[in-house]
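Asker: Okay, handing you the structure first.
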Amino acid sequence: MGSISADKLVELVQSYGLPLIWAVIVFIVGRIVARMITNVVAKMMTKSNIDETLVKFTKTVVYVALMIFVILAALGKLGIETTSFAAIIAAAGLAIGLSLQGTLGNFAAGFMLILFRPFKVGDFVEAGGVSGVVEEIQIFSTKMRSGDNKEITVPNGQIIGSTITNYSAKETRRVDLVIGVGYNDDLKKVRAVLEDILAKDERVLQDPAPTIGVSELADSSVNFVVRPWVKSGDYWPVLFDTQETVKLRFDAEGISIPYPQQDLHIVKEESAA
């Protein structure tokens, strides 16, 4: 086996050594730049108070995408045709995207929930066909706790695709009640009793002031709307307590609360002689 001549060695170095060196340099520098860009993106997202789970996921995606570009660039320095590699990667990405389109849709919806924040952990919401207290907002789904302490996991795509009602978004809420009284009752007295009930409840806000008024002359009752404003956390206690207090006060004041009823009149016909 003969020795390699100096000219042959120089030719080999020129043909393979220099491209290899350039490929290594491109890979090393590219990896450093990819890490720098990834860290900058992560810091920007963190400063924007974006959820940590989304920050980590985005950081990984950005780094992998940049490293694919770096590897293709390094292979190009070696004289390897990278067009076919790019085509294979694109085809694979398309196939994965089609097979996971539902999952990717939930991911995109999770990104939007975290970015736009229609609700936060601890809020009571109605979304995706269910209602409950939000316990955790994940990338693909949101966990809620129902009123009877059941854990509900809702896909984020289902939430984004529906109307979102956030009952905790505002500091105050209006309690809407309809109270029916009899036609023979003194309406001025009814109004005075209702006003007194709300005035004695410290949880009822004075600004905005409660609304009390006759809303309907129904078939068997005169209906009053009673609409006090309360802090959001006091909504259910005030709703329940007010209805109970109204019944007790009306009984004490002799005010009737009618219920549906019918009078049956029987006409007896005399038989012909």
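Labels for the structure tokens follow display order: chains A, B, ..., residues from 1 in each chain, ligands from 1.
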Please return as a tab-separated table (two decimals) with N, CA and C atoms, in the first residue's frame: the residues of range 22-269 of chain A that backbone DSSP assigns to strand (DSSP E or B).

Answerer:
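Written file, selection-v1.tsv:
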chain	number	residue	atom	x	y	z
A	124	PHE	N	-64.79	32.30	37.76
A	124	PHE	CA	-65.94	31.44	37.49
A	124	PHE	C	-66.44	31.79	36.09
A	125	VAL	N	-66.39	30.81	35.19
A	125	VAL	CA	-66.72	31.08	33.79
A	125	VAL	C	-67.70	30.04	33.26
A	126	GLU	N	-68.31	30.42	32.17
A	126	GLU	CA	-69.13	29.50	31.37
A	126	GLU	C	-68.54	29.49	29.98
A	127	ALA	N	-67.97	28.34	29.58
A	127	ALA	CA	-67.28	28.27	28.30
A	127	ALA	C	-67.22	26.81	27.84
A	130	VAL	N	-69.70	24.20	29.38
A	130	VAL	CA	-69.68	23.87	30.81
A	130	VAL	C	-69.41	25.14	31.60
A	131	SER	N	-69.66	25.06	32.89
A	131	SER	CA	-69.38	26.20	33.77
A	131	SER	C	-68.67	25.70	35.02
A	132	GLY	N	-67.80	26.55	35.56
A	132	GLY	CA	-67.06	26.18	36.76
A	132	GLY	C	-65.95	27.17	37.03
A	133	VAL	N	-65.20	26.91	38.09
A	133	VAL	CA	-64.06	27.74	38.47
A	133	VAL	C	-62.82	27.23	37.75
A	134	VAL	N	-62.10	28.12	37.08
A	134	VAL	CA	-60.90	27.73	36.34
A	134	VAL	C	-59.79	27.39	37.32
A	135	GLU	N	-59.25	26.17	37.19
A	135	GLU	CA	-58.17	25.73	38.08
A	135	GLU	C	-56.81	25.75	37.39
A	136	GLU	N	-56.80	25.46	36.08
A	136	GLU	CA	-55.51	25.41	35.38
A	136	GLU	C	-55.75	25.59	33.88
A	137	ILE	N	-54.94	26.46	33.27
A	137	ILE	CA	-55.00	26.67	31.82
A	137	ILE	C	-53.76	26.02	31.22
A	141	SER	N	-55.67	21.99	26.91
A	141	SER	CA	-56.98	21.94	27.57
A	141	SER	C	-56.99	22.84	28.81
A	142	THR	N	-58.19	23.07	29.32
A	142	THR	CA	-58.38	23.88	30.52
A	142	THR	C	-59.14	23.05	31.55
A	143	LYS	N	-58.66	23.08	32.78
A	143	LYS	CA	-59.32	22.33	33.85
A	143	LYS	C	-60.20	23.27	34.67
A	144	MET	N	-61.43	22.83	34.92
A	144	MET	CA	-62.37	23.59	35.73
A	144	MET	C	-62.89	22.73	36.88
A	145	ARG	N	-63.39	23.41	37.91
A	145	ARG	CA	-64.03	22.72	39.04
A	145	ARG	C	-65.49	23.15	39.09
A	151	GLU	N	-64.03	17.72	38.69
A	151	GLU	CA	-63.01	18.28	37.80
A	151	GLU	C	-63.43	18.05	36.36
A	152	ILE	N	-63.47	19.14	35.58
A	152	ILE	CA	-63.88	19.08	34.19
A	152	ILE	C	-62.71	19.54	33.32
A	153	THR	N	-62.32	18.71	32.35
A	153	THR	CA	-61.25	19.05	31.42
A	153	THR	C	-61.88	19.35	30.07
A	154	VAL	N	-61.70	20.58	29.58
A	154	VAL	CA	-62.32	21.03	28.34
A	154	VAL	C	-61.23	21.34	27.31
A	155	PRO	N	-61.30	20.75	26.10
A	155	PRO	CA	-60.32	21.10	25.06
A	155	PRO	C	-60.37	22.59	24.76
A	165	THR	N	-68.35	33.35	28.90
A	165	THR	CA	-68.95	34.27	29.88
A	165	THR	C	-68.14	34.20	31.16
A	166	ASN	N	-67.49	35.30	31.51
A	166	ASN	CA	-66.67	35.36	32.71
A	166	ASN	C	-67.42	36.13	33.79
A	172	THR	N	-68.27	43.94	40.37
A	172	THR	CA	-69.66	43.95	40.84
A	172	THR	C	-70.56	43.19	39.87
A	173	ARG	N	-71.69	42.70	40.41
A	173	ARG	CA	-72.70	42.04	39.59
A	173	ARG	C	-74.08	42.48	40.05
A	174	ARG	N	-75.04	42.37	39.15
A	174	ARG	CA	-76.41	42.72	39.48
A	174	ARG	C	-77.21	41.45	39.73
A	177	LEU	N	-84.01	39.65	40.35
A	177	LEU	CA	-85.10	38.90	40.97
A	177	LEU	C	-86.44	39.39	40.42
A	178	VAL	N	-87.38	38.48	40.31
A	178	VAL	CA	-88.75	38.83	39.96
A	178	VAL	C	-89.64	38.36	41.10
A	179	ILE	N	-90.32	39.29	41.75
A	179	ILE	CA	-91.17	39.00	42.91
A	179	ILE	C	-92.62	39.30	42.53
A	180	GLY	N	-93.48	38.30	42.64
A	180	GLY	CA	-94.89	38.48	42.31
A	180	GLY	C	-95.74	38.67	43.56
A	181	VAL	N	-96.68	39.63	43.48
A	181	VAL	CA	-97.62	39.86	44.59
A	181	VAL	C	-99.04	39.84	44.02
A	211	THR	N	-82.58	48.78	41.77
A	211	THR	CA	-83.76	49.10	40.97
A	211	THR	C	-84.94	48.26	41.45
A	212	ILE	N	-86.06	48.92	41.73
A	212	ILE	CA	-87.29	48.23	42.11
A	212	ILE	C	-88.42	48.84	41.29
A	213	GLY	N	-89.14	48.00	40.58
A	213	GLY	CA	-90.23	48.52	39.76
A	213	GLY	C	-91.16	47.42	39.29
A	214	VAL	N	-92.38	47.83	38.90
A	214	VAL	CA	-93.36	46.87	38.38
A	214	VAL	C	-92.99	46.56	36.93
A	215	SER	N	-92.76	45.29	36.64
A	215	SER	CA	-92.33	44.90	35.31
A	215	SER	C	-93.45	44.27	34.48
A	216	GLU	N	-94.49	43.74	35.16
A	216	GLU	CA	-95.51	43.02	34.40
A	216	GLU	C	-96.80	42.88	35.22
A	217	LEU	N	-97.91	43.06	34.54
A	217	LEU	CA	-99.22	42.72	35.12
A	217	LEU	C	-99.58	41.35	34.56
A	222	VAL	N	-98.93	40.65	40.16
A	222	VAL	CA	-98.23	41.87	39.75
A	222	VAL	C	-96.76	41.63	40.03
A	223	ASN	N	-95.93	41.64	38.99
A	223	ASN	CA	-94.53	41.26	39.13
A	223	ASN	C	-93.62	42.49	39.30
A	224	PHE	N	-92.84	42.45	40.37
A	224	PHE	CA	-91.82	43.47	40.63
A	224	PHE	C	-90.46	42.93	40.21
A	225	VAL	N	-89.65	43.78	39.59
A	225	VAL	CA	-88.24	43.43	39.38
A	225	VAL	C	-87.45	44.06	40.53
A	226	VAL	N	-86.58	43.27	41.13
A	226	VAL	CA	-85.73	43.72	42.23
A	226	VAL	C	-84.30	43.46	41.80
A	227	ARG	N	-83.52	44.53	41.60
A	227	ARG	CA	-82.19	44.40	41.02
A	227	ARG	C	-81.14	45.16	41.83
A	229	TRP	N	-77.25	45.74	43.26
A	229	TRP	CA	-75.87	45.51	42.84
A	229	TRP	C	-75.04	45.07	44.05
A	230	VAL	N	-74.19	44.07	43.83
A	230	VAL	CA	-73.36	43.54	44.91
A	230	VAL	C	-71.96	43.25	44.37
A	231	LYS	N	-71.03	43.01	45.28
A	231	LYS	CA	-69.72	42.53	44.87
A	231	LYS	C	-69.86	41.13	44.29

Asker: Please extract the residues of range 55-268 of chain A with a backbone DSSP assignment of helix (DSSP H, G or I) and present them as a PyMOL selection string.

Answerer: chain A and resi 55-77+83-99+101-116+156-160+187-199+232-253

Asker: If you measure from CA of Gly76 in chain A to CA of Ala23 in chain A, what distance in Å do you get, rounded to one decimal?

Answerer: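 Taking CA of Gly76 in chain A and CA of Ala23 in chain A, their separation equals 7.8 Å.
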
Asker: Calculated over only C-alpha atoms, which of the candidates A:Asn39, A:Gly161, A:Met67, A:Pro258 has the smallest distance to Ala218 in chain A?

Answerer: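 Checking each of A:Asn39, A:Gly161, A:Met67, A:Pro258 against Ala218 in chain A, counting only C-alpha atoms, the winner is A:Pro258.
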
Asker: How many Å separate CA of Ser256 in chain A from CA of Gly182 in chain A?

Answerer: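 CA of Ser256 in chain A sits 5.6 Å away from CA of Gly182 in chain A.
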
Asker: Hey, what's within 9 Å of Lys59 in chain A if we count only C-alpha atoms and toss same-chain stuff fewer than 4 positions away? As a PyMOL selection string, please?

Answerer: chain A and resi 38-39+41-42+54-55+63-64

Asker: Considering only C-alpha atoms, can you say which of A:Ser168, A:Lys189, A:Ile71, A:Gln158 comes closest to Pro118 in chain A?

Answerer: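 The shortest atom-to-atom distance to Pro118 in chain A comes from A:Ser168.
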
Asker: Determine the nearest neighbour of Pro228 in chain A from the options A:Ile255, A:Leu78, A:Leu187, A:Ala199, counting only C-alpha atoms.

Answerer: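 Ranked by minimum distance to Pro228 in chain A, first place goes to A:Ala199.
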
Asker: Restricting the calculation to only C-alpha atoms: of A:Lys268, A:Lys47, A:Lys120, A:Lys247, which residue gets closest to Leu194 in chain A?

Answerer: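 Closest to Leu194 in chain A, using only C-alpha atoms: A:Lys247.
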
Asker: Could you jot down the CA of Leu20 in chain A to CA of Ile37 in chain A separation for me, Å, one decimal place?

Answerer: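 Distance between the two atoms: 25.3 Å.
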
Asker: Of the candidates A:Ser221, A:Thr242, A:Gln138, A:Ser162, which one gets nearest to Tyr259 in chain A if we count only C-alpha atoms?

Answerer: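 Of all the options, A:Ser221 lies closest to Tyr259 in chain A.
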